[in-house]
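**Student:** To be precise about what I am sending: the file is called model.pdb and holds PDB, C-alpha atoms.
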```
ATOM      1  CA  MET A   8     -16.948  12.746  -0.183
ATOM      2  CA  GLN A   9     -13.959  14.465  -1.685
ATOM      3  CA  THR A  10     -12.501  13.471  -4.994
ATOM      4  CA  VAL A  11      -8.995  14.091  -6.182
ATOM      5  CA  GLY A  12      -6.573  13.481  -8.947
ATOM      6  CA  SER A  13      -8.247  14.021 -12.264
ATOM      7  CA  GLY A  14      -5.974  14.268 -15.257
ATOM      8  CA  ASN A  15      -6.010  14.258 -19.016
ATOM      9  CA  VAL A  16      -7.158  11.160 -20.836
ATOM     10  CA  PRO A  17      -4.344   8.770 -19.938
ATOM     11  CA  LYS A  18      -2.499   6.876 -22.620
ATOM     12  CA  TYR A  19      -3.223   3.585 -20.979
ATOM     13  CA  VAL A  20      -6.900   4.183 -21.639
ATOM     14  CA  ARG A  21      -6.100   4.631 -25.281
ATOM     15  CA  LEU A  22      -5.103   1.007 -25.418
ATOM     16  CA  GLY A  23      -8.664   0.197 -26.260
ATOM     17  CA  VAL A  24     -10.869   1.093 -23.341
ATOM     18  CA  LEU A  25     -13.172   4.027 -22.849
ATOM     19  CA  SER A  26     -11.498   7.341 -22.240
ATOM     20  CA  CYS A  27     -12.089   8.306 -18.687
ATOM     21  CA  THR A  28     -10.654  10.560 -16.114
ATOM     22  CA  LEU A  29      -8.895   8.788 -13.292
ATOM     23  CA  VAL A  30     -10.414  10.153 -10.154
ATOM     24  CA  LEU A  31      -9.176   8.940  -6.819
ATOM     25  CA  MET A  32     -11.657   9.146  -3.990
ATOM     26  CA  GLY A  33     -10.938  10.880  -0.754
ATOM     27  CA  CYS A  34     -12.996   8.397   1.233
ATOM     28  CA  GLY A  35     -13.890   5.129  -0.364
ATOM     29  CA  SER A  36     -17.347   3.757  -0.518
ATOM     30  CA  PRO A  37     -17.910   0.515   1.285
ATOM     31  CA  GLU A  38     -16.224  -2.266  -0.502
ATOM     32  CA  SER A  39     -13.923  -4.558   1.234
ATOM     33  CA  GLY A  40     -12.216  -6.972  -0.894
ATOM     34  CA  ASP A  41     -13.690 -10.292  -0.994
ATOM     35  CA  SER A  42     -12.509 -10.503   2.460
ATOM     36  CA  THR A  43     -11.949 -14.040   3.444
ATOM     37  CA  PRO A  44     -10.438 -14.424   6.805
ATOM     38  CA  GLY A  45      -7.137 -16.024   7.149
ATOM     39  CA  GLU A  46      -4.837 -14.337   4.709
ATOM     40  CA  ASP A  47      -2.518 -11.594   5.379
ATOM     41  CA  SER A  48      -0.604 -12.250   8.458
ATOM     42  CA  ASP A  49       1.712  -9.488   8.232
ATOM     43  CA  SER A  50       2.449  -9.132  11.844
ATOM     44  CA  SER A  51       6.001  -8.572  12.545
ATOM     45  CA  ASP A  52       6.179 -11.090  15.266
ATOM     46  CA  ASP A  53       5.845 -14.845  15.223
ATOM     47  CA  THR A  54       5.885 -15.658  11.573
ATOM     48  CA  ALA A  55       7.550 -12.570  10.292
ATOM     49  CA  ALA A  56      11.227 -12.609   9.810
ATOM     50  CA  SER A  57      12.617 -10.067  12.125
ATOM     51  CA  GLU A  58      13.897  -6.940  10.584
ATOM     52  CA  GLY A  59      17.038  -7.558   8.715
ATOM     53  CA  SER A  60      16.277 -11.177   8.073
ATOM     54  CA  SER A  61      15.746 -12.092   4.514
ATOM     55  CA  SER A  62      12.442 -13.764   4.714
ATOM     56  CA  SER A  63       9.482 -11.678   5.476
ATOM     57  CA  GLN A  64       6.791 -13.237   7.532
ATOM     58  CA  GLY A  65       5.197 -15.549   6.129
ATOM     59  CA  SER A  66       2.709 -17.958   5.317
ATOM     60  CA  SER A  67      -0.046 -16.000   3.818
ATOM     61  CA  ALA A  68      -0.194 -16.024   0.101
ATOM     62  CA  SER A  69      -1.651 -13.146  -1.708
ATOM     63  CA  GLU A  70      -4.409 -13.849  -4.029
ATOM     64  CA  GLY A  71      -2.752 -14.612  -7.186
ATOM     65  CA  GLU A  72       0.347 -12.728  -6.429
ATOM     66  CA  SER A  73       3.395 -14.668  -5.653
ATOM     67  CA  ASP A  74       4.305 -13.378  -2.299
ATOM     68  CA  SER A  75       7.902 -14.300  -2.229
ATOM     69  CA  THR A  76       8.826 -13.239   1.189
ATOM     70  CA  GLY A  77       6.260 -10.977   2.662
ATOM     71  CA  THR A  78       2.889 -11.900   3.931
ATOM     72  CA  SER A  79       0.625 -10.802   1.228
ATOM     73  CA  GLU A  80      -2.800  -9.583   1.585
ATOM     74  CA  GLY A  81      -5.300 -12.100   0.536
ATOM     75  CA  SER A  82      -7.082 -11.767  -2.649
ATOM     76  CA  ASP A  83     -10.124 -11.993  -0.649
ATOM     77  CA  GLY A  84      -9.359  -8.693   0.649
ATOM     78  CA  THR A  85      -8.575  -9.777   4.115
ATOM     79  CA  THR A  86      -5.354  -8.603   5.382
ATOM     80  CA  ALA A  87      -4.523  -9.580   8.744
ATOM     81  CA  SER A  88      -3.678  -7.072  11.256
ATOM     82  CA  GLY A  89      -3.432  -3.531  11.352
ATOM     83  CA  ASN A  90      -1.754  -0.825  13.066
ATOM     84  CA  SER A  91      -3.080   2.281  11.791
ATOM     85  CA  SER A  92      -4.861   4.849  13.559
ATOM     86  CA  ASP A  93      -5.361   8.282  12.644
ATOM     87  CA  CYS A  94      -2.874  10.346  10.888
ATOM     88  CA  THR A  95      -4.909  13.450  10.713
ATOM     89  CA  GLU A  96      -3.038  15.837  12.957
ATOM     90  CA  THR A  97       0.028  14.049  14.184
ATOM     91  CA  ALA A  98       1.307  10.593  13.564
ATOM     92  CA  THR A  99       4.206   8.805  15.111
ATOM     93  CA  SER A 100       6.334   7.424  12.358
ATOM     94  CA  THR A 101       9.548   5.531  12.327
ATOM     95  CA  SER A 102      12.187   7.537  10.645
ATOM     96  CA  GLY A 103      14.414   6.199   7.968
ATOM     97  CA  SER A 104      16.478   3.783   9.944
ATOM     98  CA  SER A 105      17.551   0.907   7.798
ATOM     99  CA  ASP A 106      16.755  -1.608  10.459
ATOM    100  CA  GLY A 107      13.546  -0.055  11.546
ATOM    101  CA  THR A 108      14.806   0.568  15.059
ATOM    102  CA  GLU A 109      14.734   4.346  15.180
ATOM    103  CA  THR A 110      11.448   6.041  15.694
ATOM    104  CA  ALA A 111      10.516   9.647  15.351
ATOM    105  CA  THR A 112       7.343  11.604  15.670
ATOM    106  CA  SER A 113       6.251  13.182  12.445
ATOM    107  CA  ASN A 114       3.585  15.839  12.394
ATOM    108  CA  SER A 115       1.851  16.107   9.074
ATOM    109  CA  GLY A 116      -1.049  18.212   8.064
ATOM    110  CA  GLY A 117      -0.974  17.194   4.419
ATOM    111  CA  THR A 118      -4.015  15.464   3.061
ATOM    112  CA  GLY A 119      -2.495  14.152  -0.125
ATOM    113  CA  GLU A 120      -5.487  15.499  -1.964
ATOM    114  CA  SER A 121      -5.612  17.899  -4.888
ATOM    115  CA  THR A 122      -6.504  18.046  -8.531
ATOM    116  CA  GLY A 123      -4.846  17.113 -11.768
ATOM    117  CA  GLY A 124      -1.391  15.574 -11.495
ATOM    118  CA  MET A 125      -0.708  17.443  -8.265
ATOM    119  CA  SER A 126      -1.346  15.300  -5.274
ATOM    120  CA  GLY A 127      -0.548  17.234  -2.125
ATOM    121  CA  ASP A 128       2.053  16.827   0.551
ATOM    122  CA  PHE A 129       3.618  13.642   1.816
ATOM    123  CA  GLU A 130       2.245  12.344   5.091
ATOM    124  CA  PRO A 131       3.072   9.382   7.326
ATOM    125  CA  CYS A 132       1.499   6.293   5.812
ATOM    126  CA  THR A 133      -2.042   5.536   6.920
ATOM    127  CA  ILE A 134      -5.117   3.902   5.445
ATOM    128  CA  ASP A 135      -8.573   5.430   5.502
ATOM    129  CA  VAL A 136     -10.960   3.274   7.520
ATOM    130  CA  SER A 137     -13.658   5.883   7.997
ATOM    131  CA  LYS A 138     -16.146   3.845   5.982
ATOM    132  CA  VAL A 139     -15.316   0.454   7.475
ATOM    133  CA  GLY A 140     -18.371  -0.788   9.332
ATOM    134  CA  PRO A 141     -18.512  -2.634  12.646
ATOM    135  CA  THR A 142     -19.640  -5.795  10.840
ATOM    136  CA  CYS A 143     -16.807  -5.759   8.309
ATOM    137  CA  SER A 144     -15.869  -9.380   7.644
ATOM    138  CA  GLY A 145     -15.722 -12.011   4.959
ATOM    139  CA  SER A 146     -19.412 -12.611   5.431
ATOM    140  CA  ASP A 147     -20.252  -8.914   5.096
ATOM    141  CA  PRO A 148     -17.697  -7.461   2.657
ATOM    142  CA  SER A 149     -19.949  -4.563   1.707
ATOM    143  CA  SER A 150     -19.148  -3.106   5.111
ATOM    144  CA  CYS A 151     -15.386  -3.214   4.568
ATOM    145  CA  ASP A 152     -14.844  -0.389   2.068
ATOM    146  CA  GLY A 153     -11.891  -1.942   0.312
ATOM    147  CA  ALA A 154     -10.001  -2.563   3.529
ATOM    148  CA  ASP A 155      -9.578  -5.865   5.314
ATOM    149  CA  ILE A 156     -11.297  -7.039   8.464
ATOM    150  CA  ALA A 157      -8.157  -6.288  10.438
ATOM    151  CA  MET A 158      -8.934  -2.643   9.851
ATOM    152  CA  ASN A 159     -12.112  -2.863  11.907
ATOM    153  CA  PHE A 160     -11.419  -0.527  14.785
ATOM    154  CA  ALA A 161     -14.835  -1.326  16.271
ATOM    155  CA  LEU A 162     -13.706  -4.907  16.881
ATOM    156  CA  TRP A 163      -9.986  -4.400  17.397
ATOM    157  CA  PRO A 164      -9.312  -0.991  18.980
ATOM    158  CA  ASP A 165      -5.820  -1.927  20.188
ATOM    159  CA  PRO A 166      -3.313  -3.100  17.541
ATOM    160  CA  TYR A 167      -1.105  -4.581  20.252
ATOM    161  CA  GLU A 168      -3.888  -6.517  21.964
ATOM    162  CA  CYS A 169      -3.329  -9.881  20.372
ATOM    163  CA  TYR A 170      -1.397 -11.820  17.793
ATOM    164  CA  VAL A 171      -4.336 -13.586  16.177
ATOM    165  CA  CYS A 172      -7.642 -12.033  17.204
ATOM    166  CA  ALA A 173      -9.793 -14.002  14.801
ATOM    167  CA  PRO A 174      -9.255 -16.001  11.613
ATOM    168  CA  GLY A 175      -7.421 -13.718   9.239
ATOM    169  CA  VAL A 176      -6.814 -10.968  11.771
ATOM    170  CA  THR A 177      -3.210 -10.730  12.882
ATOM    171  CA  LEU A 178      -2.304  -7.659  14.881
ATOM    172  CA  LEU A 179       1.048  -6.473  16.143
ATOM    173  CA  LYS A 180       1.544  -8.044  19.543
ATOM    174  CA  GLY A 181       5.233  -8.652  20.124
ATOM    175  CA  SER A 182       6.236  -6.720  17.017
ATOM    176  CA  ALA A 183       9.123  -4.317  16.572
ATOM    177  CA  CYS A 184       6.613  -1.486  16.903
ATOM    178  CA  GLU A 185       5.411  -2.698  20.285
ATOM    179  CA  THR A 186       8.880  -3.454  21.648
ATOM    180  CA  GLN A 187      10.001   0.031  20.606
ATOM    181  CA  GLY A 188       6.957   1.569  22.261
ATOM    182  CA  VAL A 189       5.694   3.168  19.056
ATOM    183  CA  GLU A 190       2.293   4.772  19.528
ATOM    184  CA  LEU A 191       0.571   3.942  16.277
ATOM    185  CA  VAL A 192      -2.050   6.064  14.606
ATOM    186  CA  TRP A 193      -5.024   3.739  15.101
ATOM    187  CA  ASN A 194      -8.627   4.856  15.350
ATOM    188  CA  ALA A 195     -11.971   4.694  13.603
ATOM    189  CA  THR A 196     -10.817   7.107  10.893
ATOM    190  CA  LYS A 197      -7.237   6.200   9.994
ATOM    191  CA  GLU A 198      -4.783   3.457  10.824
ATOM    192  CA  GLN A 199      -1.032   3.343  10.426
ATOM    193  CA  CYS A 200       0.742   1.715   7.457
ATOM    194  CA  ILE A 201       4.047  -0.056   8.020
ATOM    195  CA  LEU A 202       6.458  -1.436   5.427
ATOM    196  CA  ASN A 203       6.180  -5.210   5.370
ATOM    197  CA  GLY A 204       8.514  -6.658   2.797
ATOM    198  CA  GLN A 205       7.562  -7.933  -0.622
ATOM    199  CA  GLY A 206       4.602  -9.716  -2.079
ATOM    200  CA  TYR A 207       3.422  -8.560  -5.496
ATOM    201  CA  PRO A 208       5.694  -9.240  -8.465
ATOM    202  CA  ILE A 209       5.879  -6.871 -11.404
ATOM    203  CA  GLU A 210       3.646  -8.601 -13.940
ATOM    204  CA  ASN A 211       0.720  -7.769 -16.200
ATOM    205  CA  ALA A 212      -1.570 -10.546 -15.002
ATOM    206  CA  HIS A 213      -2.740  -9.190 -11.648
ATOM    207  CA  ALA A 214      -6.472  -9.003 -11.089
ATOM    208  CA  CYS A 215      -8.144  -6.537  -8.744
ATOM    209  CA  SER A 216      -8.301  -8.879  -5.790
ATOM    210  CA  SER A 217     -10.979  -6.939  -3.951
ATOM    211  CA  SER A 218     -13.106  -6.161  -7.023
ATOM    212  CA  HIS A 219     -13.303  -2.573  -5.790
ATOM    213  CA  TYR A 220     -11.951   0.031  -8.184
ATOM    214  CA  ALA A 221     -10.947   3.654  -7.696
ATOM    215  CA  ASP A 222     -13.650   6.116  -8.676
ATOM    216  CA  GLY A 223     -13.751   6.527 -12.438
ATOM    217  CA  VAL A 224     -11.681   3.396 -13.096
ATOM    218  CA  SER A 225     -13.453   0.547 -14.872
ATOM    219  CA  PRO A 226     -12.157  -3.034 -14.956
ATOM    220  CA  GLY A 227     -11.006  -2.330 -18.519
ATOM    221  CA  ASP A 228      -9.185   0.827 -17.455
ATOM    222  CA  PHE A 229      -7.503  -1.091 -14.660
ATOM    223  CA  LYS A 230      -6.315  -3.818 -17.019
ATOM    224  CA  ALA A 231      -4.901  -1.235 -19.434
ATOM    225  CA  LEU A 232      -3.179   0.666 -16.620
ATOM    226  CA  LEU A 233      -1.687  -2.564 -15.312
ATOM    227  CA  GLU A 234      -0.242  -3.263 -18.760
ATOM    228  CA  SER A 235       1.171   0.272 -18.954
ATOM    229  CA  TRP A 236       2.709   0.060 -15.481
ATOM    230  CA  TYR A 237       4.316  -3.267 -16.384
ATOM    231  CA  THR A 238       5.638  -1.930 -19.689
ATOM    232  CA  ILE A 239       7.124   1.142 -18.033
ATOM    233  CA  ALA A 240       8.907  -1.056 -15.496
ATOM    234  CA  VAL A 241      10.377  -3.658 -17.826
ATOM    235  CA  ASP A 242      10.949  -1.528 -20.941
ATOM    236  CA  LYS A 243      11.779   1.876 -19.489
ATOM    237  CA  GLY A 244      13.189   0.964 -16.078
ATOM    238  CA  GLU A 245      16.782   0.181 -15.168
ATOM    239  CA  LYS A 246      17.117  -3.214 -13.491
ATOM    240  CA  VAL A 247      19.041  -2.895 -10.244
ATOM    241  CA  PHE A 248      19.560  -6.174  -8.397
ATOM    242  CA  GLN A 249      18.549  -6.125  -4.739
ATOM    243  CA  PRO A 250      20.399  -8.872  -2.832
ATOM    244  CA  ASN A 251      18.185  -8.712   0.271
ATOM    245  CA  ALA A 252      15.113  -9.276  -1.879
ATOM    246  CA  GLY A 253      16.721 -11.713  -4.301
ATOM    247  CA  ALA A 254      15.119  -9.756  -7.124
ATOM    248  CA  ASP A 255      15.590  -6.762  -9.404
ATOM    249  CA  ALA A 256      14.149  -3.341  -8.729
ATOM    250  CA  TYR A 257      12.948  -1.514 -11.854
ATOM    251  CA  ILE A 258      14.098   2.093 -11.493
ATOM    252  CA  VAL A 259      12.708   4.927 -13.601
ATOM    253  CA  ASP A 260      13.561   8.629 -13.830
ATOM    254  CA  LEU A 261      10.411  10.551 -12.933
ATOM    255  CA  THR A 262       9.794  14.282 -13.072
ATOM    256  CA  LEU A 263       7.416  15.403 -10.337
ATOM    257  CA  GLU A 264       4.680  17.983 -10.800
ATOM    258  CA  GLY A 265       6.868  20.844  -9.624
ATOM    259  CA  GLY A 266       9.772  19.857 -11.882
ATOM    260  CA  GLU A 267      11.850  17.918  -9.333
ATOM    261  CA  LYS A 268      13.524  14.880 -10.867
ATOM    262  CA  ILE A 269      13.697  11.688  -8.828
ATOM    263  CA  LYS A 270      14.479   7.999  -9.287
ATOM    264  CA  ALA A 271      11.671   5.658  -8.233
ATOM    265  CA  ALA A 272      11.178   1.906  -8.249
ATOM    266  CA  MET A 273       8.032   0.593  -9.947
ATOM    267  CA  SER A 274       5.738  -1.513  -7.776
ATOM    268  CA  MET A 275       2.313  -3.124  -7.543
ATOM    269  CA  GLY A 276       0.350  -4.262  -4.504
ATOM    270  CA  HIS A 277      -1.401  -2.853  -1.490
ATOM    271  CA  GLY A 278      -2.957   0.568  -1.407
ATOM    272  CA  VAL A 279      -2.659   3.355   1.142
ATOM    273  CA  LEU A 280      -4.760   6.359   2.185
ATOM    274  CA  ASP A 281      -8.213   5.914   0.579
ATOM    275  CA  GLY A 282      -6.997   3.850  -2.364
ATOM    276  CA  LYS A 283      -8.740   1.149  -4.346
ATOM    277  CA  CYS A 284      -7.638  -0.834  -7.411
ATOM    278  CA  GLY A 285      -6.237   1.480 -10.056
ATOM    279  CA  ALA A 286      -5.131   4.149  -7.579
ATOM    280  CA  THR A 287      -1.481   5.179  -7.794
ATOM    281  CA  PHE A 288       0.793   6.475  -5.050
ATOM    282  CA  LEU A 289       4.296   7.740  -4.446
ATOM    283  CA  ILE A 290       5.973   6.187  -1.399
ATOM    284  CA  LYS A 291       8.988   7.916   0.172
ATOM    285  CA  HIS A 292      11.463   6.713   2.778
ATOM    286  CA  GLY A 293      14.561   8.798   3.396
ATOM    287  CA  ASP A 294      15.734   9.841  -0.073
ATOM    288  CA  ARG A 295      14.251   6.821  -1.885
ATOM    289  CA  TYR A 296      10.931   6.576  -3.752
ATOM    290  CA  VAL A 297       8.585   3.865  -5.012
ATOM    291  CA  LEU A 298       5.677   4.285  -7.460
ATOM    292  CA  VAL A 299       2.834   1.958  -6.493
ATOM    293  CA  LEU A 300      -0.126   0.821  -8.570
ATOM    294  CA  GLN A 301      -2.779  -0.583  -6.233
ATOM    295  CA  THR A 302      -3.935  -4.060  -7.273
ATOM    296  CA  ASP A 303      -5.193  -5.310  -3.915
ATOM    297  CA  ILE A 304      -6.919  -3.951  -0.849
ATOM    298  CA  ARG A 305      -5.442  -1.095   1.145
ATOM    299  CA  ALA A 306      -3.843  -2.423   4.273
ATOM    300  CA  TRP A 307      -1.663  -1.485   7.203
ATOM    301  CA  SER A 308       0.893  -4.032   5.988
ATOM    302  CA  LEU A 309       2.371  -2.185   3.039
ATOM    303  CA  GLU A 310       3.876  -4.824   0.770
ATOM    304  CA  LEU A 311       5.724  -3.786  -2.354
ATOM    305  CA  SER A 312       6.971  -5.658  -5.401
ATOM    306  CA  PRO A 313      10.148  -7.718  -4.919
ATOM    307  CA  GLY A 314      13.133  -5.455  -5.386
ATOM    308  CA  ALA A 315      11.163  -2.258  -4.855
ATOM    309  CA  ASN A 316      10.812  -3.165  -1.191
ATOM    310  CA  THR A 317      14.547  -3.220  -0.457
ATOM    311  CA  TRP A 318      15.259  -0.381  -2.897
ATOM    312  CA  LEU A 319      13.227   1.708  -0.465
ATOM    313  CA  ASP A 320      15.054   0.263   2.538
ATOM    314  CA  PRO A 321      17.494  -2.702   2.575
ATOM    315  CA  SER A 322      16.002  -4.031   5.805
ATOM    316  CA  ASN A 323      12.444  -4.104   4.448
ATOM    317  CA  VAL A 324      12.015  -7.869   4.403
ATOM    318  CA  GLY A 325       9.433  -8.090   7.195
ATOM    319  CA  GLY A 326       9.467  -7.581  10.935
ATOM    320  CA  THR A 327      10.433  -3.918  10.933
ATOM    321  CA  CYS A 328       8.530  -0.906  12.183
ATOM    322  CA  ILE A 329       9.251   1.471   9.316
ATOM    323  CA  ILE A 330       6.484   3.953   8.531
ATOM    324  CA  PRO A 331       7.126   5.570   5.154
ATOM    325  CA  GLU A 332       5.635   8.790   3.814
ATOM    326  CA  VAL A 333       2.979   8.593   1.128
ATOM    327  CA  ARG A 334       1.006  10.781  -1.263
ATOM    328  CA  LYS A 335      -1.248  10.318  -4.252
ATOM    329  CA  ILE A 336       0.030  10.785  -7.769
ATOM    330  CA  ASP A 337      -2.088  10.877 -10.901
ATOM    331  CA  ALA A 338      -1.700   7.734 -13.019
ATOM    332  CA  SER A 339      -1.860   9.546 -16.349
ATOM    333  CA  PHE A 340       0.734  12.041 -15.143
ATOM    334  CA  VAL A 341       3.131   9.125 -14.648
ATOM    335  CA  VAL A 342       2.209   7.112 -17.744
ATOM    336  CA  ASP A 343       2.428  10.119 -20.084
ATOM    337  CA  GLN A 344       6.093  10.565 -19.188
ATOM    338  CA  PHE A 345       7.010   7.149 -20.543
ATOM    339  CA  LEU A 346       4.471   5.877 -23.070
TER     340      LEU A 346
END
```
Output the structure of this file as structure tokens.
**Tutor:**
Amino acid sequence: MQTVGSGNVPKYVRLGVLSCTLVLMGCGSPESGDSTPGEDSDSSDDTAASEGSSSSQGSSASEGESDSTGTSEGSDGTTASGNSSDCTETATSTSGSSDGTETATSNSGGTGESTGGMSGDFEPCTIDVSKVGPTCSGSDPSSCDGADIAMNFALWPDPYECYVCAPGVTLLKGSACETQGVELVWNATKEQCILNGQGYPIENAHACSSSHYADGVSPGDFKALLESWYTIAVDKGEKVFQPNAGADAYIVDLTLEGGEKIKAAMSMGHGVLDGKCGATFLIKHGDRYVLVLQTDIRAWSLELSPGANTWLDPSNVGGTCIIPEVRKIDASFVVDQFL
């Protein structure tokens, strides 16, 4: 099991919790969120507002997070649906079309893994399901590895097979991806991530919905990091109103490990790659970036905080087939630039 991303003692840990090194795991150990079927229905078909519409699908409420427009992954760790397969060698990803209609094949060999603040190359968004067992479900969460039951390739090998395969499992039948003929990365190792609107507001009261934390991150560390992430957003970020989201994006000036300066929107919510609560990622679509602190399970339906979602792409309100690029970024590397 590879480990990545260890940095100096982060300032958020100095808020009163033990000093620890934030280490993000390359492959998570079994821990699915308290997966309770029936939550995230982030399909882009029936309930989801079709790309460009202002309400992202719908009904599922994320555990404790106010999912304004996007289906949010349940606090129980069950997300519904999943189109992700394996992004190891090549992955078909939708390129930066604002309406999610253009698709392009992106070949990426980057693993997103490294040490310190450096976090590797961007790669088309996937989630690691290599540790998800064939019995992954709400009744056997230990087999889920921080992902939701929709990520169970053993049970659902075809993301386009059905709309609702089982309680809490909504796949992509009839979605923009299927109608465009996108061949999703989707296998027993990795599954595709697709932007799916908004769901997790910027606030300092989120709990780790799945109760599964990134390696080296204690519940206390997570709480302190959450407070730091929130403070950076509201105190250091520039509020930029996003009409399609009906919310503000909090934009910060971030210097990357190699010295490149970018503007990125702060966000909380779902994880990608092998993430668990407390993991942090940089999401890229076109020339826009979002910094994500994972507070929920990792899921193929990548929901971002209101405002950050349409900062990344104005059409990202649900129902699209936009596959962003992702990479890990060390939490302390980010926090130390602002606090």
**Student:** Counting only C-alpha atoms, which of A:Glu245, A:Glu264, A:Asp128, A:Asp135 gets nearest to A:Ile304?
**Tutor:** A:Asp135
**Student:** Which residues would end up in the selection if the PyMOL selection byres ((chain A and resi 269-283) around 7) were applied here, given that I need the answer as JSON, numbers by chain?
**Tutor:** {"A": [32, 33, 34, 35, 132, 133, 134, 135, 153, 207, 209, 219, 220, 221, 240, 256, 257, 258, 259, 260, 261, 262, 267, 268, 284, 285, 286, 295, 296, 297, 298, 299, 300, 301, 302, 303, 304, 305, 306, 309, 310, 311, 312, 315]}
**Student:** Between atom CA of A:Asp228 and atom CA of A:Ala338, measure the distance and give it in Å to one decimal.
**Tutor:**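 Computed distance, atom CA of A:Asp228 to atom CA of A:Ala338, equals 11.1 Å.
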**Student:** Please evaluate the PyMOL selection byres ((chain A and resi 334) around 6) against the structure above and give the resulting residues as a PyMOL selection string.
**Tutor:** chain A and resi 119+129+288-289+333+335
**Student:** Quick check, in Å to one decimal: how far apart do atom CA of A:Ile336 and atom CA of A:Lys246 lie?
**Tutor:**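 Between atom CA of A:Ile336 and atom CA of A:Lys246 the gap is 22.8 Å.
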**Student:** Return the single residue from A:Asp152, A:Ala183, A:Glu130, A:Gln344 that is closest to A:Pro331, with distances computed using all atoms listed in the file.
**Tutor:**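 Smallest separation from A:Pro331 among the options: A:Glu130.
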**Student:** Evaluating the PyMOL selection byres ((chain A and resi 314) around 8) on the displayed file yields which residues, as an mmCIF file with C-alpha atoms, keeping the file's coordinate frame?
**Tutor:**
```cif
data_model
loop_
_atom_site.group_PDB
_atom_site.id
_atom_site.type_symbol
_atom_site.label_atom_id
_atom_site.label_comp_id
_atom_site.auth_asym_id
_atom_site.auth_seq_id
_atom_site.Cartn_x
_atom_site.Cartn_y
_atom_site.Cartn_z
ATOM 1 C CA GLN A 205 7.562 -7.933 -0.622
ATOM 2 C CA PHE A 248 19.560 -6.174 -8.397
ATOM 3 C CA GLN A 249 18.549 -6.125 -4.739
ATOM 4 C CA ALA A 252 15.113 -9.276 -1.879
ATOM 5 C CA GLY A 253 16.721 -11.713 -4.301
ATOM 6 C CA ALA A 254 15.119 -9.756 -7.124
ATOM 7 C CA ASP A 255 15.590 -6.762 -9.404
ATOM 8 C CA ALA A 256 14.149 -3.341 -8.729
ATOM 9 C CA TYR A 257 12.948 -1.514 -11.854
ATOM 10 C CA SER A 312 6.971 -5.658 -5.401
ATOM 11 C CA PRO A 313 10.148 -7.718 -4.919
ATOM 12 C CA ALA A 315 11.163 -2.258 -4.855
ATOM 13 C CA ASN A 316 10.812 -3.165 -1.191
ATOM 14 C CA THR A 317 14.547 -3.220 -0.457
ATOM 15 C CA TRP A 318 15.259 -0.381 -2.897
#
```
**Student:** With 5 Å of padding per side, what axis-aligned box (centre and edge lengths, Å, one decimal) covers all the listed atoms of stretch 192-197 of chain A? Give it as JSON.
**Tutor:**
```
{"center_x": -7.0, "center_y": 5.4, "center_z": 12.7, "size_x": 19.9, "size_y": 13.4, "size_z": 15.4}
```
**Student:** Find the distance between atom CA of A:Ala214 and atom CA of A:Lys230 and write it in Å to one decimal.
**Tutor:** 7.9 Å
**Student:** Since the input lacks some atoms of stretch 195-205 of chain A, please model N, CA and C atoms and print them as a CSV table (one decimal), in the coordinates of the input.
**Tutor:**
```csv
chain,number,residue,atom,x,y,z
A,195,ALA,N,-10.9,5.0,14.5
A,195,ALA,CA,-12.0,4.7,13.6
A,195,ALA,C,-11.9,5.5,12.3
A,196,THR,N,-10.9,6.3,12.1
A,196,THR,CA,-10.8,7.1,10.9
A,196,THR,C,-9.6,6.7,10.1
A,197,LYS,N,-8.5,6.6,10.7
A,197,LYS,CA,-7.2,6.2,10.0
A,197,LYS,C,-6.4,5.2,10.8
A,198,GLU,N,-5.7,4.4,10.1
A,198,GLU,CA,-4.8,3.5,10.8
A,198,GLU,C,-3.4,3.5,10.1
A,199,GLN,N,-2.4,3.2,10.9
A,199,GLN,CA,-1.0,3.3,10.4
A,199,GLN,C,-0.7,2.3,9.3
A,200,CYS,N,0.2,2.7,8.4
A,200,CYS,CA,0.7,1.7,7.5
A,200,CYS,C,2.2,1.5,7.8
A,201,ILE,N,2.7,0.3,7.7
A,201,ILE,CA,4.0,-0.1,8.0
A,201,ILE,C,4.6,-0.9,6.9
A,202,LEU,N,5.8,-0.6,6.5
A,202,LEU,CA,6.5,-1.4,5.4
A,202,LEU,C,6.5,-2.9,5.9
A,203,ASN,N,6.2,-3.8,5.0
A,203,ASN,CA,6.2,-5.2,5.4
A,203,ASN,C,6.8,-6.1,4.3
A,204,GLY,N,7.9,-5.8,3.7
A,204,GLY,CA,8.5,-6.7,2.8
A,204,GLY,C,7.9,-6.7,1.4
A,205,GLN,N,8.0,-7.8,0.8
A,205,GLN,CA,7.6,-7.9,-0.6
A,205,GLN,C,6.4,-8.9,-0.8
```
